[in-house]
Amino acid sequence: MGISILGMGRYVPEQVLKNDDLTRFIETNDEWIRTRTGITERPMAGWEPTWYMGKQASLKAIEAAGIDPSQIGLVISCTITSDFLTPSMASVIQHEIGAVNAAAFDLGAACTGFVYGVDTARRFLETDSSLKYVLVVANEALSRFLDFTDRTTCILFGDGAAAAVLERSDKLFSSALFSDGGGAKHLFARALRPAPEVATESDFEDPIPDGPMHKLQQNGKEVYKFATQALPKAFECAAEKIGITKDDIDWFVPHQANIRIIETAAKKLDVSMDKFIITLDHYGNTSSASIPLALSEGIEKGLIKRGQKLALIGFGAGLTYGGIILEY
């Protein structure tokens with residue numbers, strides 16, 4: 001069983017941080033950033049909470065799908081930057097958009113989040129005949145935990161949200177999801193520590209190195225090595241399941257992390273960069289939102305057309321990675 005994307009929507013904050021603006025915080029320049037990452041600017045959430053951006057993207061997706069929010073049976077919010085430890089962003093968004101009959105939960109797979117979310121939605125649709133529509137929304141406010149004194153990370157990331165309304169169909173679909181938790185130490189942000197009232201001494205060995213609270217830490221070389229291998233593998237595994245090749249794909253829509261990663265992976269696949277949807281120049285790396293932002297923009301611009309075969313490939317913290325091949 002496959003799925004059909006009925007409608008998509010996206011939202012990005014009005015505030016934009018251009019490369020030259022970063023010189024207020026760190027020693028860098030526009031050329032250095034552009035040549036190493038492909039990024040020229042990135043949207044930054046000021047007052048906009050994660051749930052608010054998700055709400056705006058979801059409302060646009062619902063309008064594009066031409067459905068009533070009450071018909072949605074499940075809301076999946078893909079995020080690693082929730083505004084609250086609890087409740088979930090999905091529950092807040094579910095209420096805000098009027099999806100009164102929907103279940104809701106968050107899914108945290110970092111930059112592979114949308115791929116995981118769409119595959120999860122398909123499995124729900126396949127096993128529950130009473131479920132008509134699923135809303136998958138990816139919403140991230142990565143600026144909340146960036147270290148703006150670290151030029152190796154703060155230049156990369158942006159904020160935003162994108163959403164898709166899905167229904168079951170007989171269209172082409174294949175997926176392959178993976179995780180390499182041994183690499184978790186290469187990309188992480190600390191959350192909670194024991195309360196001092198109950199903290200005890202221990203010789204416990206944490207697999208994740210210590211680091212500043214709530215600040216993103218990245219081993220760039222290791223993440224690059226992982227990503228350039230993960231992108232081709234995720235595609236090839238998903239393609240093998242349904243017996244298609246790279247030549248059957250009209251558009252590759254990869255996670256928008258770094259232009260060098262995408263170029264290297266494209267060479268390994270022997271696929272022209274002309275077949276890749278690229279939006280990182282003006283969005284930066286928006287984690288789980290990057291693939292649906294690129295997908296939504298590609299559809300709006302008329303690049304992605306009905307009936308075309310797409311490969312959505314994600315890779316990121318976890319280390320998670322995965323690919324989906326579907327017919328739009």
# chains A, B, ... in the order shown; residues from 1 in each chain; ligands from 1

$ residues_around --residues "Gln56 of chain A" --least-positions-apart "3" --cutoff "12 Å" --atoms "only C-alpha atoms" --output "PyMOL selection string"
chain A and resi 8-13+48-53+59-63+93-94+96-97+137-139+160-163

$ select_by_dssp --residues "segment 27-250 of chain A" --states "alpha helix (DSSP H)" --output "count of residues only"
70

$ residues_around --residues "Ile72 of chain A" --least-positions-apart "3" --cutoff "12 Å" --atoms "only C-alpha atoms" --output "ChimeraX atom specification"
/A:58,61-62,65-69,75-76,94-95,97-104,121,125,130-136,164-167

$ closest_residue --among "A:Gly316, A:Pro87, A:Gly322, A:Gly211" --to "Ala184 of chain A" --atoms "only C-alpha atoms"
A:Gly316

$ select_by_dssp --residues "segment 33-253 of chain A" --states "strand (DSSP E or B)" --output "PyMOL selection string"
chain A and resi 41-43+72-78+103-107+133-141+157+159-169+173-179+187-188+190+213+217-218+251-253

$ atom_distance --atom1 "atom CA of Thr286 of chain A" --atom2 "atom CA of Arg42 of chain A"
8.8 Å

$ residues_around --residues "segment 26-36 of chain A" --least-positions-apart "3" --cutoff "9 Å" --atoms "only C-alpha atoms" --output "PDB file with N, CA and C atoms, in the first residue's frame"
ATOM      1  N   LYS A  18      21.461  36.668   7.629  1.00  0.00           N
ATOM      2  CA  LYS A  18      22.348  36.502   6.481  1.00  0.00           C
ATOM      3  C   LYS A  18      23.764  36.201   6.956  1.00  0.00           C
ATOM      4  N   ASN A  19      24.576  35.706   6.039  1.00  0.00           N
ATOM      5  CA  ASN A  19      25.938  35.333   6.421  1.00  0.00           C
ATOM      6  C   ASN A  19      26.704  36.496   7.046  1.00  0.00           C
ATOM      7  N   ASP A  20      26.573  37.669   6.461  1.00  0.00           N
ATOM      8  CA  ASP A  20      27.295  38.828   7.003  1.00  0.00           C
ATOM      9  C   ASP A  20      26.800  39.204   8.394  1.00  0.00           C
ATOM     10  N   ASP A  21      25.535  38.886   8.705  1.00  0.00           N
ATOM     11  CA  ASP A  21      25.004  39.192  10.038  1.00  0.00           C
ATOM     12  C   ASP A  21      25.710  38.389  11.118  1.00  0.00           C
ATOM     13  N   LEU A  22      26.218  37.216  10.751  1.00  0.00           N
ATOM     14  CA  LEU A  22      26.880  36.356  11.732  1.00  0.00           C
ATOM     15  C   LEU A  22      28.186  36.942  12.244  1.00  0.00           C
ATOM     16  N   THR A  23      28.717  37.937  11.538  1.00  0.00           N
ATOM     17  CA  THR A  23      29.959  38.561  11.985  1.00  0.00           C
ATOM     18  C   THR A  23      29.778  39.321  13.300  1.00  0.00           C
ATOM     19  N   ILE A  39      25.232  27.842   1.972  1.00  0.00           N
ATOM     20  CA  ILE A  39      24.192  28.624   2.642  1.00  0.00           C
ATOM     21  C   ILE A  39      24.509  30.121   2.544  1.00  0.00           C
ATOM     22  N   THR A  40      23.492  30.918   2.227  1.00  0.00           N
ATOM     23  CA  THR A  40      23.656  32.372   2.193  1.00  0.00           C
ATOM     24  C   THR A  40      22.857  33.076   3.285  1.00  0.00           C
ATOM     25  N   PHE A 148      26.097  30.352  19.598  1.00  0.00           N
ATOM     26  CA  PHE A 148      26.469  31.379  18.633  1.00  0.00           C
ATOM     27  C   PHE A 148      27.901  31.875  18.821  1.00  0.00           C
ATOM     28  N   THR A 149      28.694  31.158  19.639  1.00  0.00           N
ATOM     29  CA  THR A 149      30.134  31.412  19.710  1.00  0.00           C
ATOM     30  C   THR A 149      30.909  30.332  18.958  1.00  0.00           C
ATOM     31  N   ASP A 150      30.189  29.334  18.440  1.00  0.00           N
ATOM     32  CA  ASP A 150      30.816  28.214  17.729  1.00  0.00           C
ATOM     33  C   ASP A 150      30.513  28.338  16.243  1.00  0.00           C
ATOM     34  N   ARG A 151      31.485  28.781  15.472  1.00  0.00           N
ATOM     35  CA  ARG A 151      31.218  29.042  14.055  1.00  0.00           C
ATOM     36  C   ARG A 151      31.095  27.762  13.230  1.00  0.00           C
ATOM     37  N   ILE A 155      26.522  28.560  11.952  1.00  0.00           N
ATOM     38  CA  ILE A 155      26.344  29.028  10.579  1.00  0.00           C
ATOM     39  C   ILE A 155      25.437  28.109   9.765  1.00  0.00           C
ATOM     40  N   LEU A 156      25.163  26.908  10.276  1.00  0.00           N
ATOM     41  CA  LEU A 156      24.509  25.870   9.480  1.00  0.00           C
ATOM     42  C   LEU A 156      22.993  25.857   9.563  1.00  0.00           C
ATOM     43  N   ASN A 258      24.271  20.325   3.956  1.00  0.00           N
ATOM     44  CA  ASN A 258      25.478  20.983   3.467  1.00  0.00           C
ATOM     45  C   ASN A 258      25.610  20.624   1.994  1.00  0.00           C
ATOM     46  N   ILE A 259      25.889  21.592   1.148  1.00  0.00           N
ATOM     47  CA  ILE A 259      25.948  21.330  -0.294  1.00  0.00           C
ATOM     48  C   ILE A 259      27.051  20.341  -0.631  1.00  0.00           C
ATOM     49  N   ARG A 260      28.137  20.350   0.130  1.00  0.00           N
ATOM     50  CA  ARG A 260      29.232  19.417  -0.147  1.00  0.00           C
ATOM     51  C   ARG A 260      28.822  17.977   0.127  1.00  0.00           C
ATOM     52  N   ASP A 281      20.338  26.994   0.459  1.00  0.00           N
ATOM     53  CA  ASP A 281      20.946  28.320   0.329  1.00  0.00           C
ATOM     54  C   ASP A 281      20.157  29.372   1.095  1.00  0.00           C
TER      55      ASP A 281
END

$ closest_residue --among "A:Leu319, A:Val16, A:Leu269, A:Leu6" --to "Tyr283 of chain A" --atoms "only C-alpha atoms"
A:Val16

$ closest_residue --among "A:Arg190, A:Ala311, A:Asp247, A:Ser77" --to "Asp210 of chain A" --atoms "only C-alpha atoms"
A:Arg190

$ closest_residue --among "A:Ala90, A:Leu216, A:Val118, A:Ala227" --to "Ala266 of chain A" --atoms "only C-alpha atoms"
A:Ala227

$ residues_around --residues "Met44 of chain A" --least-positions-apart "6" --cutoff "7 Å" --atoms "only C-alpha atoms" --output "NGL selection string"
:A and (13 or 15-17 or 143 or 158-159)

$ residues_around --residues "Met1 of chain A" --least-positions-apart "5" --cutoff "10 Å" --atoms "only C-alpha atoms" --output "list in words"
Arg122, Arg123, Leu125, Glu126, Arg168, Ser169, Asp170, Lys171, Leu172, Phe173 and Ser174 of chain A

$ atom_distance --atom1 "atom CA of Gly73 of chain A" --atom2 "atom CA of Pro292 of chain A"
20.5 Å

$ closest_residue --among "A:Glu197, A:Asp250, A:Asp147, A:Asp180" --to "Ala230 of chain A" --atoms "only C-alpha atoms"
A:Asp180

$ atom_distance --atom1 "atom CA of Gly183 of chain A" --atom2 "atom CA of Leu85 of chain A"
24.4 Å

$ residues_around --residues "Ser290 of chain A" --least-positions-apart "4" --cutoff "7 Å" --atoms "only C-alpha atoms" --output "short mmCIF file (atom, residue, chain, number, x, y, z; two decimals) with N, CA and C atoms, in the first residue's frame"
data_model
loop_
_atom_site.label_atom_id
_atom_site.label_comp_id
_atom_site.auth_asym_id
_atom_site.auth_seq_id
_atom_site.Cartn_x
_atom_site.Cartn_y
_atom_site.Cartn_z
N HIS A 255 17.90 15.59 2.67
CA HIS A 255 18.04 16.49 3.80
C HIS A 255 19.03 17.58 3.41
N GLN A 256 18.69 18.83 3.72
CA GLN A 256 19.48 19.98 3.30
C GLN A 256 20.49 20.36 4.39
N ASN A 285 20.10 24.45 7.33
CA ASN A 285 19.72 23.12 7.81
C ASN A 285 18.61 23.29 8.85
N THR A 286 17.40 22.89 8.50
CA THR A 286 16.26 23.01 9.41
C THR A 286 15.85 21.66 9.99
N ALA A 294 11.76 21.68 1.26
CA ALA A 294 12.22 21.56 -0.13
C ALA A 294 11.15 20.95 -1.01
#

$ closest_residue --among "A:Gly2, A:Gly302, A:Gly323, A:Gly318" --to "Ile80 of chain A" --atoms "only C-alpha atoms"
A:Gly318
